[in-house]
Each structure stands twice: as C-alpha cells, then as structure tokens.
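With PDB, C-alpha atoms, pLDDT in the B column inside, this is upload_20.pdb:
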ATOM      1  CA  MET A   1     202.303  27.766 -31.107  1.00 91.00           C
ATOM      2  CA  ARG A   2     201.111  27.397 -34.698  1.00 95.00           C
ATOM      3  CA  VAL A   3     197.546  28.439 -35.556  1.00 97.00           C
ATOM      4  CA  THR A   4     195.990  28.011 -38.989  1.00 97.00           C
ATOM      5  CA  ILE A   5     193.044  30.041 -40.235  1.00 98.00           C
ATOM      6  CA  SER A   6     191.184  28.952 -43.338  1.00 97.00           C
ATOM      7  CA  GLY A   7     187.887  29.654 -45.037  1.00 96.00           C
ATOM      8  CA  PRO A   8     186.365  30.569 -48.381  1.00 94.00           C
ATOM      9  CA  PRO A   9     187.016  33.951 -50.045  1.00 91.00           C
ATOM     10  CA  GLY A  10     185.461  36.815 -48.098  1.00 93.00           C
ATOM     11  CA  SER A  11     184.969  34.833 -44.887  1.00 96.00           C
ATOM     12  CA  GLY A  12     187.259  37.089 -42.854  1.00 95.00           C
ATOM     13  CA  THR A  13     190.328  34.894 -42.487  1.00 96.00           C
ATOM     14  CA  THR A  14     192.769  37.747 -43.051  1.00 93.00           C
ATOM     15  CA  SER A  15     190.977  40.028 -40.573  1.00 95.00           C
ATOM     16  CA  LEU A  16     191.026  37.358 -37.874  1.00 97.00           C
ATOM     17  CA  ALA A  17     194.646  36.459 -38.653  1.00 97.00           C
ATOM     18  CA  ARG A  18     195.717  40.101 -38.301  1.00 96.00           C
ATOM     19  CA  TYR A  19     193.789  40.439 -35.044  1.00 97.00           C
ATOM     20  CA  LEU A  20     195.416  37.343 -33.542  1.00 97.00           C
ATOM     21  CA  ALA A  21     198.896  38.231 -34.771  1.00 97.00           C
ATOM     22  CA  GLY A  22     198.607  41.676 -33.210  1.00 96.00           C
ATOM     23  CA  LYS A  23     197.051  40.493 -29.967  1.00 95.00           C
ATOM     24  CA  HIS A  24     199.475  37.633 -29.340  1.00 95.00           C
ATOM     25  CA  GLY A  25     202.596  38.986 -31.043  1.00 95.00           C
ATOM     26  CA  PHE A  26     202.580  36.117 -33.546  1.00 96.00           C
ATOM     27  CA  ALA A  27     204.137  36.318 -36.975  1.00 94.00           C
ATOM     28  CA  LEU A  28     201.667  36.076 -39.864  1.00 95.00           C
ATOM     29  CA  ILE A  29     201.967  34.397 -43.238  1.00 91.00           C
ATOM     30  CA  SER A  30     199.063  34.712 -45.676  1.00 89.00           C
ATOM     31  CA  ALA A  31     198.748  32.566 -48.795  1.00 83.00           C
ATOM     32  CA  GLY A  32     196.123  34.963 -50.161  1.00 77.00           C
ATOM     33  CA  GLU A  33     198.485  37.912 -49.876  1.00 77.00           C
ATOM     34  CA  VAL A  34     201.228  35.936 -51.641  1.00 78.00           C
ATOM     35  CA  PHE A  35     198.747  34.962 -54.387  1.00 79.00           C
ATOM     36  CA  ARG A  36     197.578  38.593 -54.794  1.00 79.00           C
ATOM     37  CA  GLN A  37     201.173  39.798 -54.998  1.00 80.00           C
ATOM     38  CA  LEU A  38     201.995  37.221 -57.675  1.00 82.00           C
ATOM     39  CA  ALA A  39     198.897  38.254 -59.640  1.00 85.00           C
ATOM     40  CA  ARG A  40     200.064  41.893 -59.552  1.00 87.00           C
ATOM     41  CA  GLU A  41     203.571  40.866 -60.583  1.00 88.00           C
ATOM     42  CA  HIS A  42     202.074  39.041 -63.571  1.00 87.00           C
ATOM     43  CA  GLY A  43     199.860  42.042 -64.420  1.00 94.00           C
ATOM     44  CA  MET A  44     196.660  40.011 -63.888  1.00 91.00           C
ATOM     45  CA  ASP A  45     193.566  40.339 -61.765  1.00 87.00           C
ATOM     46  CA  LEU A  46     192.850  37.492 -59.345  1.00 79.00           C
ATOM     47  CA  ALA A  47     190.385  35.733 -61.664  1.00 77.00           C
ATOM     48  CA  ALA A  48     192.849  35.719 -64.575  1.00 86.00           C
ATOM     49  CA  PHE A  49     195.701  34.645 -62.319  1.00 86.00           C
ATOM     50  CA  GLY A  50     193.514  31.850 -60.916  1.00 78.00           C
ATOM     51  CA  LYS A  51     192.932  30.585 -64.459  1.00 81.00           C
ATOM     52  CA  TYR A  52     196.663  30.838 -65.111  1.00 86.00           C
ATOM     53  CA  ALA A  53     197.313  28.831 -61.919  1.00 81.00           C
ATOM     54  CA  GLU A  54     194.919  26.138 -63.210  1.00 78.00           C
ATOM     55  CA  SER A  55     197.155  25.695 -66.252  1.00 84.00           C
ATOM     56  CA  ASP A  56     200.432  25.934 -64.337  1.00 86.00           C
ATOM     57  CA  PRO A  57     200.475  23.850 -61.142  1.00 83.00           C
ATOM     58  CA  ALA A  58     203.854  25.358 -60.246  1.00 87.00           C
ATOM     59  CA  VAL A  59     202.096  28.534 -59.034  1.00 83.00           C
ATOM     60  CA  ASP A  60     200.031  26.838 -56.331  1.00 81.00           C
ATOM     61  CA  ARG A  61     202.699  24.325 -55.450  1.00 84.00           C
ATOM     62  CA  MET A  62     205.257  27.098 -54.917  1.00 81.00           C
ATOM     63  CA  ILE A  63     202.914  29.118 -52.664  1.00 82.00           C
ATOM     64  CA  ASP A  64     201.783  26.051 -50.728  1.00 84.00           C
ATOM     65  CA  ALA A  65     205.291  24.634 -50.269  1.00 83.00           C
ATOM     66  CA  ARG A  66     206.639  27.981 -49.061  1.00 80.00           C
ATOM     67  CA  GLN A  67     203.752  28.463 -46.629  1.00 83.00           C
ATOM     68  CA  LYS A  68     204.185  24.923 -45.298  1.00 86.00           C
ATOM     69  CA  GLU A  69     207.951  25.338 -44.909  1.00 86.00           C
ATOM     70  CA  ILE A  70     207.665  28.646 -43.037  1.00 85.00           C
ATOM     71  CA  GLY A  71     204.615  27.620 -41.010  1.00 86.00           C
ATOM     72  CA  GLU A  72     206.030  24.338 -39.782  1.00 89.00           C
ATOM     73  CA  ALA A  73     209.447  25.788 -38.924  1.00 89.00           C
ATOM     74  CA  ALA A  74     208.332  28.932 -37.105  1.00 88.00           C
ATOM     75  CA  ASP A  75     207.109  29.270 -33.551  1.00 89.00           C
ATOM     76  CA  ASP A  76     204.253  31.577 -32.576  1.00 93.00           C
ATOM     77  CA  ILE A  77     202.830  32.042 -36.050  1.00 95.00           C
ATOM     78  CA  ILE A  78     199.451  32.428 -37.701  1.00 96.00           C
ATOM     79  CA  ILE A  79     199.262  30.660 -41.062  1.00 95.00           C
ATOM     80  CA  GLU A  80     196.320  31.991 -43.052  1.00 95.00           C
ATOM     81  CA  GLY A  81     195.241  30.312 -46.254  1.00 92.00           C
ATOM     82  CA  ARG A  82     192.633  28.058 -47.759  1.00 91.00           C
ATOM     83  CA  LEU A  83     194.795  24.940 -47.320  1.00 92.00           C
ATOM     84  CA  SER A  84     196.753  25.829 -44.200  1.00 93.00           C
ATOM     85  CA  GLY A  85     194.631  23.588 -41.961  1.00 95.00           C
ATOM     86  CA  TRP A  86     195.401  20.685 -44.270  1.00 95.00           C
ATOM     87  CA  MET A  87     199.059  21.493 -44.900  1.00 92.00           C
ATOM     88  CA  ILE A  88     200.549  22.542 -41.555  1.00 93.00           C
ATOM     89  CA  GLU A  89     200.892  19.167 -39.892  1.00 92.00           C
ATOM     90  CA  ASN A  90     202.240  20.477 -36.593  1.00 93.00           C
ATOM     91  CA  ALA A  91     199.582  23.174 -36.051  1.00 95.00           C
ATOM     92  CA  VAL A  92     198.130  23.134 -32.545  1.00 95.00           C
ATOM     93  CA  LEU A  93     194.900  24.905 -33.534  1.00 97.00           C
ATOM     94  CA  ARG A  94     193.116  24.800 -36.896  1.00 98.00           C
ATOM     95  CA  ILE A  95     190.261  27.261 -37.491  1.00 98.00           C
ATOM     96  CA  TRP A  96     187.757  27.371 -40.365  1.00 98.00           C
ATOM     97  CA  LEU A  97     185.661  30.514 -40.901  1.00 98.00           C
ATOM     98  CA  THR A  98     182.400  30.450 -42.769  1.00 97.00           C
ATOM     99  CA  ALA A  99     179.785  32.968 -43.964  1.00 97.00           C
ATOM    100  CA  SER A 100     176.964  32.872 -46.490  1.00 95.00           C
ATOM    101  CA  PRO A 101     177.784  33.487 -50.156  1.00 94.00           C
ATOM    102  CA  GLU A 102     175.799  36.743 -50.009  1.00 94.00           C
ATOM    103  CA  CYS A 103     177.763  38.020 -47.021  1.00 96.00           C
ATOM    104  CA  ARG A 104     181.083  37.075 -48.583  1.00 95.00           C
ATOM    105  CA  ALA A 105     180.152  38.680 -51.924  1.00 95.00           C
ATOM    106  CA  ARG A 106     179.203  41.895 -50.116  1.00 95.00           C
ATOM    107  CA  ARG A 107     182.556  41.948 -48.299  1.00 95.00           C
ATOM    108  CA  ILE A 108     184.532  41.255 -51.454  1.00 93.00           C
ATOM    109  CA  ALA A 109     182.589  43.942 -53.331  1.00 94.00           C
ATOM    110  CA  GLU A 110     183.452  46.479 -50.624  1.00 94.00           C
ATOM    111  CA  ARG A 111     187.077  45.373 -50.364  1.00 90.00           C
ATOM    112  CA  ASP A 112     187.775  45.228 -54.091  1.00 87.00           C
ATOM    113  CA  GLY A 113     185.505  48.062 -55.268  1.00 90.00           C
ATOM    114  CA  MET A 114     183.111  46.021 -57.408  1.00 91.00           C
ATOM    115  CA  ASP A 115     179.355  45.584 -57.441  1.00 93.00           C
ATOM    116  CA  GLU A 116     177.885  42.725 -55.410  1.00 93.00           C
ATOM    117  CA  GLU A 117     176.708  40.664 -58.373  1.00 94.00           C
ATOM    118  CA  ALA A 118     180.135  40.822 -59.998  1.00 92.00           C
ATOM    119  CA  ALA A 119     181.690  39.888 -56.640  1.00 93.00           C
ATOM    120  CA  ARG A 120     179.298  36.926 -56.273  1.00 93.00           C
ATOM    121  CA  VAL A 121     180.128  35.591 -59.748  1.00 93.00           C
ATOM    122  CA  TYR A 122     183.843  36.200 -59.205  1.00 88.00           C
ATOM    123  CA  THR A 123     183.752  34.419 -55.835  1.00 90.00           C
ATOM    124  CA  GLU A 124     181.850  31.410 -57.173  1.00 92.00           C
ATOM    125  CA  ASN A 125     184.285  31.066 -60.071  1.00 89.00           C
ATOM    126  CA  ARG A 126     187.282  31.453 -57.767  1.00 85.00           C
ATOM    127  CA  GLN A 127     185.981  28.785 -55.395  1.00 91.00           C
ATOM    128  CA  ARG A 128     185.360  26.354 -58.260  1.00 91.00           C
ATOM    129  CA  SER A 129     188.829  27.017 -59.640  1.00 86.00           C
ATOM    130  CA  GLU A 130     190.486  26.508 -56.254  1.00 87.00           C
ATOM    131  CA  ALA A 131     188.458  23.381 -55.446  1.00 93.00           C
ATOM    132  CA  THR A 132     189.494  21.856 -58.779  1.00 90.00           C
ATOM    133  CA  ARG A 133     193.152  22.698 -58.259  1.00 86.00           C
ATOM    134  CA  TYR A 134     193.240  21.394 -54.668  1.00 91.00           C
ATOM    135  CA  ARG A 135     191.572  18.144 -55.689  1.00 93.00           C
ATOM    136  CA  ASN A 136     193.871  17.690 -58.697  1.00 90.00           C
ATOM    137  CA  TYR A 137     197.125  18.702 -56.986  1.00 88.00           C
ATOM    138  CA  TYR A 138     196.677  17.285 -53.482  1.00 92.00           C
ATOM    139  CA  ASN A 139     193.538  15.130 -53.510  1.00 95.00           C
ATOM    140  CA  ILE A 140     192.000  17.532 -50.970  1.00 96.00           C
ATOM    141  CA  ASP A 141     188.260  18.113 -50.811  1.00 97.00           C
ATOM    142  CA  ILE A 142     188.153  21.705 -49.557  1.00 94.00           C
ATOM    143  CA  ASP A 143     184.578  21.147 -48.280  1.00 94.00           C
ATOM    144  CA  ASP A 144     185.817  18.453 -45.861  1.00 97.00           C
ATOM    145  CA  LEU A 145     186.201  20.280 -42.548  1.00 97.00           C
ATOM    146  CA  SER A 146     187.509  17.273 -40.602  1.00 97.00           C
ATOM    147  CA  PRO A 147     191.015  18.740 -40.034  1.00 97.00           C
ATOM    148  CA  TYR A 148     189.612  21.761 -38.181  1.00 98.00           C
ATOM    149  CA  ASP A 149     189.355  22.106 -34.410  1.00 97.00           C
ATOM    150  CA  ILE A 150     186.996  25.093 -34.545  1.00 98.00           C
ATOM    151  CA  VAL A 151     184.469  26.137 -37.201  1.00 98.00           C
ATOM    152  CA  LEU A 152     183.080  29.644 -36.693  1.00 98.00           C
ATOM    153  CA  SER A 153     180.639  31.879 -38.553  1.00 98.00           C
ATOM    154  CA  SER A 154     182.125  35.273 -39.327  1.00 97.00           C
ATOM    155  CA  GLU A 155     178.618  36.306 -40.337  1.00 96.00           C
ATOM    156  CA  THR A 156     177.346  35.658 -36.815  1.00 96.00           C
ATOM    157  CA  PHE A 157     180.446  36.985 -35.039  1.00 97.00           C
ATOM    158  CA  GLY A 158     182.482  40.091 -35.870  1.00 95.00           C
ATOM    159  CA  VAL A 159     186.267  40.046 -35.771  1.00 96.00           C
ATOM    160  CA  GLU A 160     186.411  41.094 -32.088  1.00 96.00           C
ATOM    161  CA  ALA A 161     184.038  38.289 -31.044  1.00 98.00           C
ATOM    162  CA  LEU A 162     185.848  35.761 -33.244  1.00 98.00           C
ATOM    163  CA  GLY A 163     189.097  36.946 -31.716  1.00 97.00           C
ATOM    164  CA  ALA A 164     187.727  36.528 -28.187  1.00 97.00           C
ATOM    165  CA  ILE A 165     186.642  32.964 -28.953  1.00 98.00           C
ATOM    166  CA  VAL A 166     190.023  32.058 -30.424  1.00 98.00           C
ATOM    167  CA  ASP A 167     191.860  33.917 -27.638  1.00 97.00           C
ATOM    168  CA  THR A 168     190.086  31.620 -25.172  1.00 96.00           C
ATOM    169  CA  ALA A 169     191.083  28.553 -27.173  1.00 97.00           C
ATOM    170  CA  ILE A 170     194.707  29.727 -27.299  1.00 95.00           C
ATOM    171  CA  GLU A 171     194.766  30.322 -23.537  1.00 94.00           C
ATOM    172  CA  CYS A 172     193.299  26.847 -22.921  1.00 94.00           C
ATOM    173  CA  LEU A 173     195.948  25.273 -25.152  1.00 94.00           C
ATOM    174  CA  ARG A 174     198.702  27.201 -23.380  1.00 90.00           C
ATOM    175  CA  ARG A 175     197.464  25.988 -19.992  1.00 91.00           C
ATOM    176  CA  GLN A 176     197.316  22.395 -21.264  1.00 90.00           C
ATOM    177  CA  ARG A 177     200.855  22.671 -22.540  1.00 84.00           C
ATOM    178  CA  GLY A 178     202.108  24.358 -19.369  1.00 80.00           C
ATOM    179  CA  ASN A 179     202.960  27.652 -21.086  1.00 62.00           C
ATOM    180  CA  VAL A 180     202.437  30.973 -19.366  1.00 52.00           C
ATOM    181  CA  ALA A 181     199.484  32.988 -20.699  1.00 47.00           C
ATOM    182  CA  VAL A 182     200.211  36.233 -22.518  1.00 42.00           C
TER     183      VAL A 182
END

What is this file in structure tokens?
Amino acid sequence: MRVTISGPPGSGTTSLARYLAGKHGFALISAGEVFRQLAREHGMDLAAFGKYAESDPAVDRMIDARQKEIGEAADDIIIEGRLSGWMIENAVLRIWLTASPECRARRIAERDGMDEEAARVYTENRQRSEATRYRNYYNIDIDDLSPYDIVLSSETFGVEALGAIVDTAIECLRRQRGNVAV
C-alpha cells in the first residue's frame, strides 16, 4: 500500500505521516525533511535554499526523482511531500491537508522559533516560490486538488482525528483489495 500526504507548509503533513507510519508499520519518506537536510548541508535557511532551488532546478528534480523512485518501488510506505500526490502514480490513497494561513503561520512560528508575522511572510514567500518551481519544472498547478482522494482540514481535526479518518480509509481499501486488516 502506498499513501501520499501533501499540503501547504504548516498544514500538518509530517505529523499525520508520522502517525500513520507508526500506526500501520509503514516506511516514511518525507520530501520536506530531505529539503531541510539539504538546506543545512548548504548552510542556508529554508527561504534562502528555496531561492537557490529556483535558480538551480537540479535541487528539486533530484529530491522529486528520488522520492518518486523510492515511493513507487516500496510497499507499505507513506510518501509525504507537496508533490507526492502528483508524482507517485501507483499510490492507492492520496491525501491533501489544508489549514488557514493564520493557523499554518502559528504552527510554523512555534516549530521554527519565530514570531507569527515573520512565519506568515516566510510561508507566503515559500508557497509562491514552490508554486513557481512546480509550474515551471512539471507544469503542475499546486492549487489543483484533482489528484487527491481525500482533502481534510488539519485546522478542524487534530492529528488523532485525522489519523482515525485515514485509518478508516486504509481499512476500507484493504478490504476492497482482499488484504487482512492490521
């Protein structure tokens, strides 16, 4: 089973991915974690590394190709990343998480130790940068949610409730496919 989890920065994709991986014993690959690690390796914060990625398509293409290769080859995996729902062609369940810009800025501020206004500006700039890169590199409109099977508000539901909803979807898919529930 391959499950993708996508959403804008601060929407809770990593939290849900970790929950599902732990609950179901799935492996987890996170494009955001790979991107953060590369930023650290280059001695840049995420905003600066995002700008660098805009000027060097090899950064995104390398992350995306690696995620696609691993995600499509592995069984029982959660693939978390902004484009995973678009890129993992053999995913059985594609999830998009959403939350208001204010909620996401608050989460990012808490996570990254910045004030909310700085987090809001950072998040808006990051989303614009990513949207431009995805459109230019892959002709993907990140606001088009048509590839997703489930769209959920992480502002309405906490990670446990989101997990329960997705757990139910996973169990339904397993029954449809004739697999034994875990």

Inset, instruction - Could you tell me which residues the PyMOL selection byres ((chain A and resi 162) around 12) grabs in this file, written as number ranges by chain? - result: A: 5, 11-13, 15-20, 95-98, 150-161, 163-169

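You will find atom CA of Gly178 of chain A at 12.2 Å from atom CA of Met1 of chain A.
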
Inset, instruction - Do a neighbour search on Val34 of chain A at 10 Å with only C-alpha atoms, toss out local chain neighbours closer than 5 positions, and write the hits as a PyMOL selection string. - result: chain A and resi 29+39-40+63-64+66-67+81

Inset, instruction - Go through the shown structure with the PyMOL selection byres ((chain A and resi 92) around 7) and write out the matching residues as a PyMOL selection string. - result: chain A and resi 1-3+90-91+93-94

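Proximity of A:Asp112, A:Asp149, A:Glu117, A:Glu80 to Gly32 of chain A, computed with all atoms listed in the file, is greatest for A:Glu80.
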
Legend entry - Two-atom distance - atom CA of Glu41 of chain A, atom CA of Asn139 of chain A (Å): 28.5 Å

Inset, instruction - For the structure provided, state which residues fall under the PyMOL selection byres ((chain A and resi 126) around 10), and present them as a ChimeraX atom specification. - result: /A:8-9,46-48,50-51,120-125,127-132

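Picture a line from atom CA of Phe26 of chain A to atom CA of Ala74 of chain A; it runs 9.9 Å.
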
Can I get segment 136-147 of chain A with all heavy atoms filled in, as an mmCIF file, in the coordinates of the input?
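Okay, this is what ended up in part_36.cif:
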data_model
loop_
_atom_site.group_PDB
_atom_site.id
_atom_site.type_symbol
_atom_site.label_atom_id
_atom_site.label_comp_id
_atom_site.auth_asym_id
_atom_site.auth_seq_id
_atom_site.Cartn_x
_atom_site.Cartn_y
_atom_site.Cartn_z
ATOM 1 N N ASN A 136 192.924 18.222 -57.716
ATOM 2 C CA ASN A 136 193.871 17.690 -58.697
ATOM 3 C C ASN A 136 195.300 17.625 -58.163
ATOM 4 O O ASN A 136 196.017 16.663 -58.421
ATOM 5 C CB ASN A 136 193.840 18.520 -59.983
ATOM 6 C CG ASN A 136 192.556 18.338 -60.754
ATOM 7 O OD1 ASN A 136 191.814 17.379 -60.559
ATOM 8 N ND2 ASN A 136 192.262 19.292 -61.629
ATOM 9 N N TYR A 137 195.735 18.638 -57.436
ATOM 10 C CA TYR A 137 197.125 18.702 -56.986
ATOM 11 C C TYR A 137 197.384 17.868 -55.739
ATOM 12 O O TYR A 137 198.448 17.274 -55.600
ATOM 13 C CB TYR A 137 197.541 20.135 -56.674
ATOM 14 C CG TYR A 137 197.437 21.111 -57.817
ATOM 15 C CD1 TYR A 137 197.468 22.468 -57.577
ATOM 16 C CD2 TYR A 137 197.301 20.694 -59.137
ATOM 17 C CE1 TYR A 137 197.379 23.391 -58.604
ATOM 18 C CE2 TYR A 137 197.200 21.612 -60.170
ATOM 19 C CZ TYR A 137 197.239 22.961 -59.900
ATOM 20 O OH TYR A 137 197.142 23.865 -60.906
ATOM 21 N N TYR A 138 196.415 17.875 -54.793
ATOM 22 C CA TYR A 138 196.677 17.285 -53.482
ATOM 23 C C TYR A 138 195.640 16.252 -53.041
ATOM 24 O O TYR A 138 195.734 15.738 -51.932
ATOM 25 C CB TYR A 138 196.724 18.382 -52.407
ATOM 26 C CG TYR A 138 197.672 19.502 -52.716
ATOM 27 C CD1 TYR A 138 197.198 20.785 -52.971
ATOM 28 C CD2 TYR A 138 199.047 19.290 -52.749
ATOM 29 C CE1 TYR A 138 198.071 21.829 -53.248
ATOM 30 C CE2 TYR A 138 199.920 20.325 -53.028
ATOM 31 C CZ TYR A 138 199.420 21.599 -53.277
ATOM 32 O OH TYR A 138 200.285 22.618 -53.558
ATOM 33 N N ASN A 139 194.643 16.020 -53.874
ATOM 34 C CA ASN A 139 193.538 15.130 -53.510
ATOM 35 C C ASN A 139 192.848 15.600 -52.222
ATOM 36 O O ASN A 139 192.500 14.800 -51.360
ATOM 37 C CB ASN A 139 194.010 13.678 -53.373
ATOM 38 C CG ASN A 139 192.854 12.700 -53.424
ATOM 39 O OD1 ASN A 139 191.827 12.966 -54.060
ATOM 40 N ND2 ASN A 139 192.994 11.585 -52.740
ATOM 41 N N ILE A 140 192.675 16.921 -52.114
ATOM 42 C CA ILE A 140 192.000 17.532 -50.970
ATOM 43 C C ILE A 140 190.622 18.003 -51.401
ATOM 44 O O ILE A 140 190.489 18.724 -52.394
ATOM 45 C CB ILE A 140 192.805 18.721 -50.411
ATOM 46 C CG1 ILE A 140 194.087 18.216 -49.740
ATOM 47 C CG2 ILE A 140 191.967 19.554 -49.437
ATOM 48 C CD1 ILE A 140 195.019 19.316 -49.284
ATOM 49 N N ASP A 141 189.618 17.605 -50.636
ATOM 50 C CA ASP A 141 188.260 18.113 -50.811
ATOM 51 C C ASP A 141 188.120 19.292 -49.853
ATOM 52 O O ASP A 141 188.016 19.103 -48.644
ATOM 53 C CB ASP A 141 187.237 17.029 -50.495
ATOM 54 C CG ASP A 141 185.799 17.525 -50.530
ATOM 55 O OD1 ASP A 141 185.562 18.730 -50.804
ATOM 56 O OD2 ASP A 141 184.899 16.711 -50.269
ATOM 57 N N ILE A 142 188.141 20.507 -50.383
ATOM 58 C CA ILE A 142 188.153 21.705 -49.557
ATOM 59 C C ILE A 142 186.882 21.823 -48.707
ATOM 60 O O ILE A 142 186.875 22.529 -47.688
ATOM 61 C CB ILE A 142 188.382 22.972 -50.412
ATOM 62 C CG1 ILE A 142 188.821 24.168 -49.550
ATOM 63 C CG2 ILE A 142 187.157 23.304 -51.246
ATOM 64 C CD1 ILE A 142 190.144 23.982 -48.879
ATOM 65 N N ASP A 143 185.819 21.119 -49.067
ATOM 66 C CA ASP A 143 184.578 21.147 -48.280
ATOM 67 C C ASP A 143 184.618 20.186 -47.090
ATOM 68 O O ASP A 143 183.709 20.201 -46.262
ATOM 69 C CB ASP A 143 183.380 20.830 -49.169
ATOM 70 C CG ASP A 143 183.155 21.915 -50.214
ATOM 71 O OD1 ASP A 143 183.350 23.105 -49.888
ATOM 72 O OD2 ASP A 143 182.793 21.576 -51.359
ATOM 73 N N ASP A 144 185.649 19.362 -46.987
ATOM 74 C CA ASP A 144 185.817 18.453 -45.861
ATOM 75 C C ASP A 144 186.461 19.230 -44.718
ATOM 76 O O ASP A 144 187.627 19.612 -44.789
ATOM 77 C CB ASP A 144 186.694 17.270 -46.277
ATOM 78 C CG ASP A 144 187.013 16.323 -45.137
ATOM 79 O OD1 ASP A 144 186.517 16.523 -44.000
ATOM 80 O OD2 ASP A 144 187.784 15.377 -45.375
ATOM 81 N N LEU A 145 185.710 19.473 -43.666
ATOM 82 C CA LEU A 145 186.201 20.280 -42.548
ATOM 83 C C LEU A 145 186.796 19.440 -41.419
ATOM 84 O O LEU A 145 187.075 19.953 -40.334
ATOM 85 C CB LEU A 145 185.068 21.160 -42.010
ATOM 86 C CG LEU A 145 184.430 22.102 -43.032
ATOM 87 C CD1 LEU A 145 183.371 22.971 -42.364
ATOM 88 C CD2 LEU A 145 185.475 22.958 -43.739
ATOM 89 N N SER A 146 187.025 18.164 -41.659
ATOM 90 C CA SER A 146 187.509 17.273 -40.602
ATOM 91 C C SER A 146 188.858 17.669 -39.985
ATOM 92 O O SER A 146 189.084 17.362 -38.819
ATOM 93 C CB SER A 146 187.551 15.825 -41.093
ATOM 94 O OG SER A 146 188.445 15.672 -42.163
ATOM 95 N N PRO A 147 189.756 18.380 -40.696
ATOM 96 C CA PRO A 147 191.015 18.740 -40.034
ATOM 97 C C PRO A 147 190.882 19.858 -38.999
ATOM 98 O O PRO A 147 191.801 20.101 -38.227
ATOM 99 C CB PRO A 147 191.916 19.221 -41.176
ATOM 100 C CG PRO A 147 191.267 18.801 -42.420
ATOM 101 C CD PRO A 147 189.810 18.655 -42.125
#
